[in-house]
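Trainee: Can you read through this structure? Questions will come right after.
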Amino acid sequence: MRIEILNKKIGFGGIVSNIDLTKDLDKNIIKKIDNELNNLCVLVFKNQKINDEQQLKFSKYFGEIEGAGKNTTIRKSNERRLSDSFGDVSNLDVNNKPFKKTDNKRYFALGNRLWHTDASFKKVPAKYSLLSGRKVAKVGGETQFSDMRSAYDKLLESKKKQIETMVCYHSLIYSRHRLGIDMHKMMSKEEIKNFEPVKQPLVRMNNLTKRKSIFLASHIGEIEGMEKPDTILFVNDLMEHCTKDMFLYTHQWDENDLVIWDNRQSMHRGLYYDDQNEIRDVRRTTISGSEMLIAQ
Ligand code: OGA
Ligand code: MN
C-alpha cells in the first residue's frame, strides 16, 4: 500500500494505491488506513471494482455500519433500490430511472449539494463514510471536501474563544428548509418526530491527533442562546471561512473510485450534474460514531 498526499500544504486527502479492496485485508493494513484517515481525513482508492457485498465487508473493518434508519430518509422500504445497510446517493428510483424533477425524493436528495457532514443530525454522529462510484456523471458531479481542522486553526483567537463552548441544533428539517423544502408538509406528525433536532458541540477534538475542528453543517438551524436570524448569518459566515480554496480538495470521479472520509473533521458536498439526463450511481456505507458528544 502506498499513499500520496493530495493537499500537501495542509496535509489533507490522500490517494491510496497498491491495494485490492476485494481481498481479505490484514489487521495492520486496516490500522494503517484508519490512522491515515485520522490524519488526512479523505482517502481515495482508484480502480476498485467492488460489489455491494465487498463494500460491506471492507466497511465493517472500520466499525459498525449505520443502516438507513427511518430518521435519514423519506424513502419507504419498497422504494429502496439497495439494502438497508446502504445510503443510496444516486439519482435513481427503484426502477433504476432518474427521479422526476418534481419528485420529493429528488428534492430531499438535493440536500447533499449543501455543505454538511454525514449524520450530524443523529445523537451519535457518524464516523466515516465510504462512497463507491459504480457509475459517475460524464460532466460535473464532483464531491468537494473541506478540512475543518485547518479551518479551525486559521480562525482568529477571539473567534476560537467565542465558539469554544457553543451548542448547535442539527436536523434534516433545517438543511432541507434552506432549499425551500418544508418537511412538515411532506410527512405526518408521527414521522416528523424522527427528525427532531439534536445537540452537537461546535468545536470537537480528535482523540488520536488531539487536533480541534469545527463541527459545522447546513443541518444547523439553531444555536443555544442565539436568535434565529443571527444563527443563520453566523452559520453562513463560518461556512464561508471553512470553504475557502485553501481548505479544499475536489474529487473528480472516475468509475470504480472508492472514497472514504472522516465526518468528524471534514465537511463535504456534491456539485451539480445534469441529474435528469445522466446516471450517477454512487453508494454509501456509513460507519457509526462511538458516543454522544453532548448530553441531549
Ligand atoms: C454523501 C454525499 C455527495 C456526492 O454520500 O454523503 O454527501 O457528491 N455525497 O454524492
Ligand atoms: Mn453526505
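If you're wondering about the labels, chains in the C-alpha cells are A, B, ... by order shown, residues count from 1 in each chain, ligands from 1 in order shown.
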Please write out the residues within 8 Å of ligand 1 as a ChimeraX atom specification, counting only C-alpha atoms and all ligand atoms.

Mentor: /A:87-90,112-113,116-118,129-131,141-144,268-271,282-284

Trainee: Running DSSP on the backbone, which parts of segment 99-183 of chain A land in helix (DSSP H, G or I), as a PyMOL selection string?

Mentor: chain A and resi 104-113+148-153+157-163+172-177+183

Trainee: Write out as a ChimeraX atom specification the residues lying within 9 Å of Lys97 of chain A, counting only C-alpha atoms and excluding same-chain residues fewer than 5 positions away.

Mentor: /A:91-92,279

Trainee: At a cut-off of 10 Å, using only C-alpha atoms, what residues contact Ala68 of chain A? Leave out same-chain residues fewer than 5 positions from it and give the result as a list of chain:residue names.

Mentor: A:Thr73, A:Arg75, A:Ser77, A:Leu82, A:Ser83, A:Asp84, A:Ser85, A:Phe86, A:Gly87, A:Asp88, A:Thr285, A:Thr286

Trainee: Could you write out that same residue set with N, CA, C and O atoms as a JSON list (two decimals), in the first residue's frame?

Mentor:
[["chain", "number", "residue", "atom", "x", "y", "z"],
["A", 73, "THR", "N", -34.02, 9.16, 5.88],
["A", 73, "THR", "CA", -34.52, 9.13, 4.51],
["A", 73, "THR", "C", -36.04, 9.30, 4.50],
["A", 73, "THR", "O", -36.70, 9.04, 5.49],
["A", 75, "ARG", "N", -37.54, 7.77, 1.93],
["A", 75, "ARG", "CA", -37.95, 6.62, 1.11],
["A", 75, "ARG", "C", -38.58, 5.54, 1.97],
["A", 75, "ARG", "O", -38.09, 5.23, 3.04],
["A", 77, "SER", "N", -39.53, 1.49, 2.46],
["A", 77, "SER", "CA", -38.64, 0.37, 2.14],
["A", 77, "SER", "C", -38.91, -0.20, 0.74],
["A", 77, "SER", "O", -37.98, -0.65, 0.08],
["A", 82, "LEU", "N", -31.46, -0.32, -2.84],
["A", 82, "LEU", "CA", -30.32, -1.01, -2.21],
["A", 82, "LEU", "C", -30.73, -1.54, -0.84],
["A", 82, "LEU", "O", -31.75, -1.14, -0.29],
["A", 83, "SER", "N", -29.90, -2.41, -0.28],
["A", 83, "SER", "CA", -30.19, -2.97, 1.04],
["A", 83, "SER", "C", -30.13, -1.85, 2.09],
["A", 83, "SER", "O", -29.54, -0.79, 1.85],
["A", 84, "ASP", "N", -30.71, -2.14, 3.28],
["A", 84, "ASP", "CA", -30.78, -1.14, 4.34],
["A", 84, "ASP", "C", -29.42, -0.69, 4.85],
["A", 84, "ASP", "O", -29.31, 0.31, 5.54],
["A", 85, "SER", "N", -28.38, -1.44, 4.54],
["A", 85, "SER", "CA", -27.04, -1.08, 5.02],
["A", 85, "SER", "C", -26.42, 0.04, 4.19],
["A", 85, "SER", "O", -25.35, 0.54, 4.52],
["A", 86, "PHE", "N", -27.10, 0.41, 3.09],
["A", 86, "PHE", "CA", -26.54, 1.42, 2.19],
["A", 86, "PHE", "C", -27.31, 2.73, 2.23],
["A", 86, "PHE", "O", -28.53, 2.73, 2.44],
["A", 87, "GLY", "N", -26.59, 3.80, 2.00],
["A", 87, "GLY", "CA", -27.20, 5.08, 1.70],
["A", 87, "GLY", "C", -27.18, 5.19, 0.19],
["A", 87, "GLY", "O", -26.10, 5.11, -0.42],
["A", 88, "ASP", "N", -28.34, 5.34, -0.41],
["A", 88, "ASP", "CA", -28.40, 5.45, -1.87],
["A", 88, "ASP", "C", -28.23, 6.91, -2.25],
["A", 88, "ASP", "O", -29.14, 7.71, -2.09],
["A", 285, "THR", "N", -21.71, 3.54, 2.32],
["A", 285, "THR", "CA", -21.83, 2.87, 3.61],
["A", 285, "THR", "C", -21.28, 3.83, 4.65],
["A", 285, "THR", "O", -20.37, 4.61, 4.37],
["A", 286, "THR", "N", -21.87, 3.79, 5.83],
["A", 286, "THR", "CA", -21.51, 4.76, 6.86],
["A", 286, "THR", "C", -21.12, 4.01, 8.12],
["A", 286, "THR", "O", -21.78, 3.04, 8.50]]

Trainee: What's the 9 Å shell around His219 of chain A, counting only C-alpha atoms, without same-chain residues fewer than 3 positions away, as a VMD selection string?

Mentor: chain A and resid 115 to 117 120 to 121 169 to 176 197 216

Trainee: Can you write out the residues you just picked, keeping N, CA and C atoms, as a PDB file, in the first residue's frame?

Mentor:
ATOM      1  N   TRP A 115     -23.141  22.085   1.931  1.00  0.00           N
ATOM      2  CA  TRP A 115     -22.019  21.645   2.773  1.00  0.00           C
ATOM      3  C   TRP A 115     -22.567  20.982   4.034  1.00  0.00           C
ATOM      4  N   HIS A 116     -22.046  19.809   4.333  1.00  0.00           N
ATOM      5  CA  HIS A 116     -22.531  19.093   5.517  1.00  0.00           C
ATOM      6  C   HIS A 116     -21.534  18.039   5.957  1.00  0.00           C
ATOM      7  N   THR A 117     -21.846  17.419   7.056  1.00  0.00           N
ATOM      8  CA  THR A 117     -21.110  16.246   7.497  1.00  0.00           C
ATOM      9  C   THR A 117     -22.173  15.198   7.790  1.00  0.00           C
ATOM     10  N   SER A 120     -24.807  14.272  11.271  1.00  0.00           N
ATOM     11  CA  SER A 120     -24.620  15.149  12.441  1.00  0.00           C
ATOM     12  C   SER A 120     -25.974  15.426  13.102  1.00  0.00           C
ATOM     13  N   PHE A 121     -27.053  15.042  12.389  1.00  0.00           N
ATOM     14  CA  PHE A 121     -28.405  15.212  12.945  1.00  0.00           C
ATOM     15  C   PHE A 121     -28.826  14.013  13.794  1.00  0.00           C
ATOM     16  N   TYR A 169     -28.007  23.027  17.200  1.00  0.00           N
ATOM     17  CA  TYR A 169     -29.052  22.030  16.937  1.00  0.00           C
ATOM     18  C   TYR A 169     -29.033  21.663  15.462  1.00  0.00           C
ATOM     19  N   HIS A 170     -28.902  20.361  15.205  1.00  0.00           N
ATOM     20  CA  HIS A 170     -28.841  19.853  13.823  1.00  0.00           C
ATOM     21  C   HIS A 170     -30.093  19.041  13.502  1.00  0.00           C
ATOM     22  N   SER A 171     -30.634  19.266  12.330  1.00  0.00           N
ATOM     23  CA  SER A 171     -31.746  18.432  11.858  1.00  0.00           C
ATOM     24  C   SER A 171     -31.816  18.487  10.336  1.00  0.00           C
ATOM     25  N   LEU A 172     -32.278  17.401   9.732  1.00  0.00           N
ATOM     26  CA  LEU A 172     -32.506  17.401   8.286  1.00  0.00           C
ATOM     27  C   LEU A 172     -33.591  18.409   7.916  1.00  0.00           C
ATOM     28  N   ILE A 173     -34.469  18.687   8.874  1.00  0.00           N
ATOM     29  CA  ILE A 173     -35.538  19.671   8.621  1.00  0.00           C
ATOM     30  C   ILE A 173     -34.904  21.029   8.292  1.00  0.00           C
ATOM     31  N   TYR A 174     -33.850  21.383   9.028  1.00  0.00           N
ATOM     32  CA  TYR A 174     -33.200  22.686   8.815  1.00  0.00           C
ATOM     33  C   TYR A 174     -32.470  22.760   7.472  1.00  0.00           C
ATOM     34  N   SER A 175     -31.696  21.689   7.132  1.00  0.00           N
ATOM     35  CA  SER A 175     -30.947  21.757   5.869  1.00  0.00           C
ATOM     36  C   SER A 175     -31.915  21.769   4.683  1.00  0.00           C
ATOM     37  N   ARG A 176     -32.988  20.982   4.769  1.00  0.00           N
ATOM     38  CA  ARG A 176     -33.950  20.972   3.666  1.00  0.00           C
ATOM     39  C   ARG A 176     -34.715  22.294   3.593  1.00  0.00           C
ATOM     40  N   PRO A 197     -34.467  17.947  16.124  1.00  0.00           N
ATOM     41  CA  PRO A 197     -33.087  18.429  16.200  1.00  0.00           C
ATOM     42  C   PRO A 197     -32.309  17.803  17.363  1.00  0.00           C
ATOM     43  N   LEU A 216     -19.348  21.697  11.771  1.00  0.00           N
ATOM     44  CA  LEU A 216     -20.320  22.566  11.114  1.00  0.00           C
ATOM     45  C   LEU A 216     -21.080  21.779  10.041  1.00  0.00           C
TER      46      LEU A 216
END

Trainee: Which one of A:Asn47, A:Asn263, A:Asn39, A:Ser17 sits closest to ligand 2 if you count only C-alpha atoms and all ligand atoms?

Mentor: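 The closest residue to ligand 2 is A:Asn263.
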
Trainee: I'd like the contact shell of Ile30 of chain A - 12 Å cut-off, only C-alpha atoms, skipping same-chain residues fewer than 3 positions apart - returned as an MDAnalysis selection string.

Mentor: chainID A and resid 1 19 21 24:27 33:37 58:63

Trainee: Using DSSP on the backbone coordinates, identify all residues within segment 1-128 of chain A classified as strand (DSSP E); present the result as an MDAnalysis selection string.

Mentor: chainID A and resid 2:7 12:17 42:45 87:88 128
